[in-house]
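**Q** Questions regarding the structure given below will be posed in turn.
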Amino acid sequence: MARISAKELMARDDIREQFAAHAAEWFPRECCGLLIVGEEGGRAVLAENLQDKYHKLDPEAFSRTAETAYLLDPRLLQAADDAGEDLIAIVHSHCKVGAYFSDEDIARARSPFEDGPLYPGVDYVVLDAQQDGLAGYKIFGWSDEKEEFVER
């Protein structure tokens, strides 16, 4: 299966529109999802942000709410892998503050075991969610040369 980039997938109107609607539905909380490529081509997987549920269960371990954090169900990653699909990008929104790769995003995207990304080859799409809709997005990925996440 040919590798399709997050940039190519986000250039598709249908995928951008799905994420725009998802961000609007969740606003002012962050939305999350995946960009996946399988035999049928590329697609968006719109996910529930579990952050508030985990915050309610353990506010000390999950100190942020869904207004400033997201928690994606890891079973979605496993389901894609089990189906033989490729994970292209993890997507989430920032509400009212613009699209940027925050310190928290960077920390969660890095491997806790070695210096590098938690998911090699996977990009991160950050949506700029505003009150009146999606104002844009930015894509970030690991640079082996710079040994950090960079905007694509």
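Following the order of the structure tokens, chains are lettered A, B, ..., residues in each are numbered from 1, and ligands are numbered from 1.
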I'd like the neighbourhood of Gln130 in chain A as a list in words, where a residue qualifies if any of its atoms comes within 12 Å (using only C-alpha atoms), though same-chain residues fewer than 6 positions away should be ignored.
**A** Ala20, Ala21, Ala23, Ala24, Glu25, Trp26, Phe27, Pro28, Arg29, Glu30, Ser93, His94, Cys95, Lys96, Val97, Gly98, Ala99, Gly136 and Tyr137 of chain A
**Q** Could those selected residues go to a file with C-alpha atoms, as a PDB file, in the first residue's frame?
**A**
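Done, and the output landed in out.pdb:
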```pdb
ATOM      1  CA  ALA A  20     -14.207  20.760  11.004  1.00  0.00           C
ATOM      2  CA  ALA A  21     -17.583  19.309  11.993  1.00  0.00           C
ATOM      3  CA  ALA A  23     -14.128  20.202  16.160  1.00  0.00           C
ATOM      4  CA  ALA A  24     -17.359  22.247  16.120  1.00  0.00           C
ATOM      5  CA  GLU A  25     -19.262  19.437  17.863  1.00  0.00           C
ATOM      6  CA  TRP A  26     -16.690  19.227  20.664  1.00  0.00           C
ATOM      7  CA  PHE A  27     -15.976  22.983  20.991  1.00  0.00           C
ATOM      8  CA  PRO A  28     -14.956  24.430  23.470  1.00  0.00           C
ATOM      9  CA  ARG A  29     -13.438  21.053  24.340  1.00  0.00           C
ATOM     10  CA  GLU A  30     -10.674  19.534  22.232  1.00  0.00           C
ATOM     11  CA  SER A  93      -7.811  20.512  18.203  1.00  0.00           C
ATOM     12  CA  HIS A  94      -6.720  23.504  20.226  1.00  0.00           C
ATOM     13  CA  CYS A  95      -9.660  25.708  21.147  1.00  0.00           C
ATOM     14  CA  LYS A  96      -9.413  29.492  20.923  1.00  0.00           C
ATOM     15  CA  VAL A  97      -5.575  29.541  20.969  1.00  0.00           C
ATOM     16  CA  GLY A  98      -4.473  28.601  17.453  1.00  0.00           C
ATOM     17  CA  ALA A  99      -2.754  25.565  15.980  1.00  0.00           C
ATOM     18  CA  GLY A 136      -6.952  26.121   9.871  1.00  0.00           C
ATOM     19  CA  TYR A 137      -4.510  23.459  10.969  1.00  0.00           C
TER      20      TYR A 137
END
```
**Q** From the DSSP assignment of the backbone, select every residue of chain A that is strand (DSSP E), and format the answer as an MDAnalysis selection string.
**A** chainID A and resid 32:38 41:47 86:95 123:130 133:143 148:151
**Q** Quick one: residues within 7 Å of Ala89 in chain A, only C-alpha atoms, excluding same-chain residues fewer than 4 positions away - as a ChimeraX atom specification?
**A** /A:6,34-35,122-125
**Q** Which neighbours of Asp81 in chain A fall inside 10 Å, counting only C-alpha atoms, when residues of the same chain fewer than 6 positions from it are skipped, and could you give them as a list of chain:residue names?
**A**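 Those residues are A:Ile36, A:Gly38, A:Arg75, A:Leu87.
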**Q** Can you list, as a PyMOL selection string, every protein, DNA or RNA residue that comes within 9 Å of Leu76 in chain A when you count only C-alpha atoms, leaving out same-chain residues fewer than 3 positions away?
**A** chain A and resi 33-34+45+47+72-73+79-81
**Q** For those residues, write N, CA and C atoms to a file as a PDB file, in the first residue's frame.
**A**
```pdb
ATOM      1  N   GLY A  33      -8.802  12.486  16.894  1.00  0.00           N
ATOM      2  CA  GLY A  33      -9.063  11.461  15.900  1.00  0.00           C
ATOM      3  C   GLY A  33      -7.771  11.002  15.239  1.00  0.00           C
ATOM      4  N   LEU A  34      -7.930  10.277  14.156  1.00  0.00           N
ATOM      5  CA  LEU A  34      -6.798   9.696  13.454  1.00  0.00           C
ATOM      6  C   LEU A  34      -6.941   9.896  11.954  1.00  0.00           C
ATOM      7  N   VAL A  45     -10.743   9.038  11.180  1.00  0.00           N
ATOM      8  CA  VAL A  45     -11.401   8.327  12.273  1.00  0.00           C
ATOM      9  C   VAL A  45     -11.674   9.383  13.343  1.00  0.00           C
ATOM     10  N   ALA A  47     -12.905  10.477  16.920  1.00  0.00           N
ATOM     11  CA  ALA A  47     -12.901   9.767  18.195  1.00  0.00           C
ATOM     12  C   ALA A  47     -13.494  10.613  19.315  1.00  0.00           C
ATOM     13  N   LEU A  72      -7.046  10.009  23.660  1.00  0.00           N
ATOM     14  CA  LEU A  72      -7.541   9.150  22.595  1.00  0.00           C
ATOM     15  C   LEU A  72      -7.566   7.712  23.077  1.00  0.00           C
ATOM     16  N   ASP A  73      -8.613   6.989  22.776  1.00  0.00           N
ATOM     17  CA  ASP A  73      -8.713   5.578  23.144  1.00  0.00           C
ATOM     18  C   ASP A  73      -7.645   4.789  22.388  1.00  0.00           C
ATOM     19  N   ALA A  79      -7.026  -1.243  16.697  1.00  0.00           N
ATOM     20  CA  ALA A  79      -7.993  -1.689  15.686  1.00  0.00           C
ATOM     21  C   ALA A  79      -7.472  -1.423  14.278  1.00  0.00           C
ATOM     22  N   ALA A  80      -6.864  -0.266  14.064  1.00  0.00           N
ATOM     23  CA  ALA A  80      -6.294   0.049  12.752  1.00  0.00           C
ATOM     24  C   ALA A  80      -5.172  -0.920  12.413  1.00  0.00           C
ATOM     25  N   ASP A  81      -4.314  -1.183  13.387  1.00  0.00           N
ATOM     26  CA  ASP A  81      -3.208  -2.113  13.177  1.00  0.00           C
ATOM     27  C   ASP A  81      -3.734  -3.519  12.882  1.00  0.00           C
TER      28      ASP A  81
END
```
**Q** When you look at Glu17 in chain A with a cut-off of 12 Å (counting only C-alpha atoms), what residues show up, excluding the ones that are within fewer than 6 positions of it in the same chain? I need them as a list in words.
**A**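 My list of contacting residues is Leu9, Met10, Ala11, Ala23, Ala24, Arg43, Ala44, Leu46, Leu127, Gly133, Leu134, Ala135 and Gly136 of chain A.
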**Q** Grab the CA of Lys53 in chain A to CA of Thr65 in chain A distance for me, in Å with one decimal place.
**A**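 Value for the CA of Lys53 in chain A-CA of Thr65 in chain A distance: 8.8 Å.
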**Q** Compile the contact shell of Ala66 in chain A as a ChimeraX atom specification: residues with an atom at most 8 Å away, counting only C-alpha atoms, same-chain residues fewer than 3 positions apart removed.
**A** /A:29-30,49-52,69-70
**Q** Report the residues of range 82-112 of chain A whose backbone DSSP state falls under alpha helix (DSSP H), written as JSON, numbers by chain.
**A** {"A": [82, 103, 104, 105, 106, 107, 108, 109]}
**Q** CA of Ser63 in chain A and CA of Gln18 in chain A are how many Å apart?
**A**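 If I compute the distance from CA of Ser63 in chain A to CA of Gln18 in chain A, I get 29.0 Å.
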